[in-house]
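Report on the following structure.
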Amino acid sequence: MEADSVDPHDIYGRDAWICQLCRQEINPDVPWPDPRSATLDHIKPVTLGGEHTADNLQSAHWICNVRKGDVWGPGGESNSTPE
């Protein structure tokens, strides 16, 4: 399995601080573990053979990432606004 050293802020910047699951803005000032805090989501989950590379990572709210779980693909099943 390939794994890159990835700076999360590079991914957030690339994605313009937009959650790639619900398409809503991510506020960089919201601290983890707030449900609306920023996380990195593996588009193809590591559990399904996905790699930890910039191409396989996308920005997501923590709650959107949790709701997506181990679904493969951008957007997964979470297309609603986070609470």
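Chain labels A, B, ... are given in the sequence in which chains occur in the structure tokens; within each chain residues are numbered consecutively from 1, and ligands are likewise numbered from 1 in the order shown.
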Could you give me the residues within chain A that DSSP places in alpha helix (DSSP H), as a PyMOL selection string?
chain A and resi 8-14+62-68
Show which residues sit within 8 Å of range 58-62 of chain A, as a PDB file with N, CA and C atoms, in the first residue's frame. Count only C-alpha atoms, and ignore same-chain residues fewer than 3 positions away.
ATOM      1  N   ILE A  11      -4.723  19.731   1.414  1.00  0.00           N
ATOM      2  CA  ILE A  11      -5.963  19.148   0.884  1.00  0.00           C
ATOM      3  C   ILE A  11      -7.119  20.132   1.085  1.00  0.00           C
ATOM      4  N   TYR A  12      -7.213  20.717   2.287  1.00  0.00           N
ATOM      5  CA  TYR A  12      -8.290  21.678   2.552  1.00  0.00           C
ATOM      6  C   TYR A  12      -8.206  22.851   1.578  1.00  0.00           C
ATOM      7  N   ASP A  15      -9.293  21.888  -1.912  1.00  0.00           N
ATOM      8  CA  ASP A  15     -10.744  21.739  -1.970  1.00  0.00           C
ATOM      9  C   ASP A  15     -11.483  23.027  -1.577  1.00  0.00           C
ATOM     10  N   TRP A  17     -11.735  24.568   1.161  1.00  0.00           N
ATOM     11  CA  TRP A  17     -12.437  24.454   2.441  1.00  0.00           C
ATOM     12  C   TRP A  17     -13.927  24.152   2.246  1.00  0.00           C
ATOM     13  N   ILE A  18     -14.225  23.305   1.259  1.00  0.00           N
ATOM     14  CA  ILE A  18     -15.580  22.839   1.004  1.00  0.00           C
ATOM     15  C   ILE A  18     -15.616  21.338   1.292  1.00  0.00           C
ATOM     16  N   CYS A  19     -16.597  20.916   2.079  1.00  0.00           N
ATOM     17  CA  CYS A  19     -16.782  19.491   2.342  1.00  0.00           C
ATOM     18  C   CYS A  19     -17.176  18.819   1.032  1.00  0.00           C
ATOM     19  N   GLN A  20     -16.412  17.831   0.635  1.00  0.00           N
ATOM     20  CA  GLN A  20     -16.668  17.145  -0.625  1.00  0.00           C
ATOM     21  C   GLN A  20     -17.798  16.130  -0.513  1.00  0.00           C
ATOM     22  N   LEU A  21     -18.356  15.992   0.682  1.00  0.00           N
ATOM     23  CA  LEU A  21     -19.474  15.068   0.888  1.00  0.00           C
ATOM     24  C   LEU A  21     -20.818  15.793   0.888  1.00  0.00           C
ATOM     25  N   CYS A  22     -20.892  16.923   1.619  1.00  0.00           N
ATOM     26  CA  CYS A  22     -22.172  17.662   1.670  1.00  0.00           C
ATOM     27  C   CYS A  22     -22.132  18.951   0.852  1.00  0.00           C
ATOM     28  N   ILE A  26     -16.468  24.454   5.088  1.00  0.00           N
ATOM     29  CA  ILE A  26     -15.846  24.015   6.339  1.00  0.00           C
ATOM     30  C   ILE A  26     -15.194  25.245   6.960  1.00  0.00           C
ATOM     31  N   TRP A  32     -11.689  20.381  16.305  1.00  0.00           N
ATOM     32  CA  TRP A  32     -12.048  18.974  16.461  1.00  0.00           C
ATOM     33  C   TRP A  32     -12.217  18.723  17.935  1.00  0.00           C
ATOM     34  N   PRO A  33     -13.195  17.962  18.393  1.00  0.00           N
ATOM     35  CA  PRO A  33     -14.060  17.041  17.671  1.00  0.00           C
ATOM     36  C   PRO A  33     -15.454  17.566  17.386  1.00  0.00           C
ATOM     37  N   ASP A  34     -15.614  18.857  17.189  1.00  0.00           N
ATOM     38  CA  ASP A  34     -16.919  19.395  16.810  1.00  0.00           C
ATOM     39  C   ASP A  34     -17.385  18.688  15.537  1.00  0.00           C
ATOM     40  N   PRO A  35     -18.659  18.329  15.426  1.00  0.00           N
ATOM     41  CA  PRO A  35     -19.141  17.628  14.231  1.00  0.00           C
ATOM     42  C   PRO A  35     -18.874  18.363  12.916  1.00  0.00           C
ATOM     43  N   ARG A  36     -18.721  19.682  12.962  1.00  0.00           N
ATOM     44  CA  ARG A  36     -18.475  20.442  11.732  1.00  0.00           C
ATOM     45  C   ARG A  36     -16.990  20.753  11.521  1.00  0.00           C
ATOM     46  N   SER A  37     -16.118  20.149  12.333  1.00  0.00           N
ATOM     47  CA  SER A  37     -14.683  20.381  12.166  1.00  0.00           C
ATOM     48  C   SER A  37     -14.161  19.678  10.917  1.00  0.00           C
ATOM     49  N   ALA A  38     -12.995  20.119  10.460  1.00  0.00           N
ATOM     50  CA  ALA A  38     -12.391  19.583   9.238  1.00  0.00           C
ATOM     51  C   ALA A  38     -11.709  18.243   9.489  1.00  0.00           C
ATOM     52  N   THR A  39     -11.904  17.310   8.554  1.00  0.00           N
ATOM     53  CA  THR A  39     -11.190  16.033   8.558  1.00  0.00           C
ATOM     54  C   THR A  39     -10.827  15.689   7.121  1.00  0.00           C
ATOM     55  N   LEU A  40      -9.949  14.710   6.989  1.00  0.00           N
ATOM     56  CA  LEU A  40      -9.630  14.171   5.669  1.00  0.00           C
ATOM     57  C   LEU A  40     -10.376  12.859   5.495  1.00  0.00           C
ATOM     58  N   ASP A  41     -11.041  12.713   4.373  1.00  0.00           N
ATOM     59  CA  ASP A  41     -11.767  11.498   4.029  1.00  0.00           C
ATOM     60  C   ASP A  41     -11.010  10.774   2.927  1.00  0.00           C
ATOM     61  N   HIS A  42     -10.865   9.456   3.077  1.00  0.00           N
ATOM     62  CA  HIS A  42     -10.302   8.643   1.998  1.00  0.00           C
ATOM     63  C   HIS A  42     -11.433   8.336   1.021  1.00  0.00           C
ATOM     64  N   ILE A  43     -11.293   8.774  -0.220  1.00  0.00           N
ATOM     65  CA  ILE A  43     -12.330   8.544  -1.226  1.00  0.00           C
ATOM     66  C   ILE A  43     -12.577   7.047  -1.367  1.00  0.00           C
ATOM     67  N   ALA A  54      -2.588  12.006  -1.664  1.00  0.00           N
ATOM     68  CA  ALA A  54      -3.354  13.227  -1.887  1.00  0.00           C
ATOM     69  C   ALA A  54      -4.489  12.999  -2.883  1.00  0.00           C
ATOM     70  N   ASN A  65     -17.890  12.660   7.345  1.00  0.00           N
ATOM     71  CA  ASN A  65     -16.943  11.570   7.203  1.00  0.00           C
ATOM     72  C   ASN A  65     -17.427  10.341   7.974  1.00  0.00           C
ATOM     73  N   VAL A  66     -17.907  10.565   9.189  1.00  0.00           N
ATOM     74  CA  VAL A  66     -18.430   9.458  10.001  1.00  0.00           C
ATOM     75  C   VAL A  66     -19.639   8.823   9.317  1.00  0.00           C
ATOM     76  N   PRO A  82     -24.679  18.991   7.294  1.00  0.00           N
ATOM     77  CA  PRO A  82     -24.390  18.490   8.634  1.00  0.00           C
ATOM     78  C   PRO A  82     -25.170  19.256   9.688  1.00  0.00           C
TER      79      PRO A  82
END
With only C-alpha atoms as the atoms that count, which of A:Ala16, A:Val6, A:Asp29, A:Asp70 lies nearest to Thr47 in chain A?
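Ranking A:Ala16, A:Val6, A:Asp29, A:Asp70 by distance to Thr47 in chain A, first place goes to A:Asp70.
We find CA of Ile63 in chain A and CA of Ala3 in chain A to be spaced 24.3 Å apart.
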Run DSSP on the backbone and give me the residues of range 28-73 of chain A it puts in strand (DSSP E), as an MDAnalysis selection string.
chainID A and resid 38:42 57:61
In Å, with one decimal, what is the gap from CA of Lys68 in chain A to CA of Pro8 in chain A?
18.9 Å
Any idea what the distance is between CA of Leu48 in chain A and CA of Trp72 in chain A?
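Straight-line distance from CA of Leu48 in chain A to CA of Trp72 in chain A works out to 8.0 Å.
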Compare A:Gly69, A:Pro45, A:His52, A:Gln24 by their minimum atom-to-atom distance to Asp7 in chain A, counting only C-alpha atoms, and give me the closest one.
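Checking each candidate against Asp7 in chain A, we get A:His52 as the closest.
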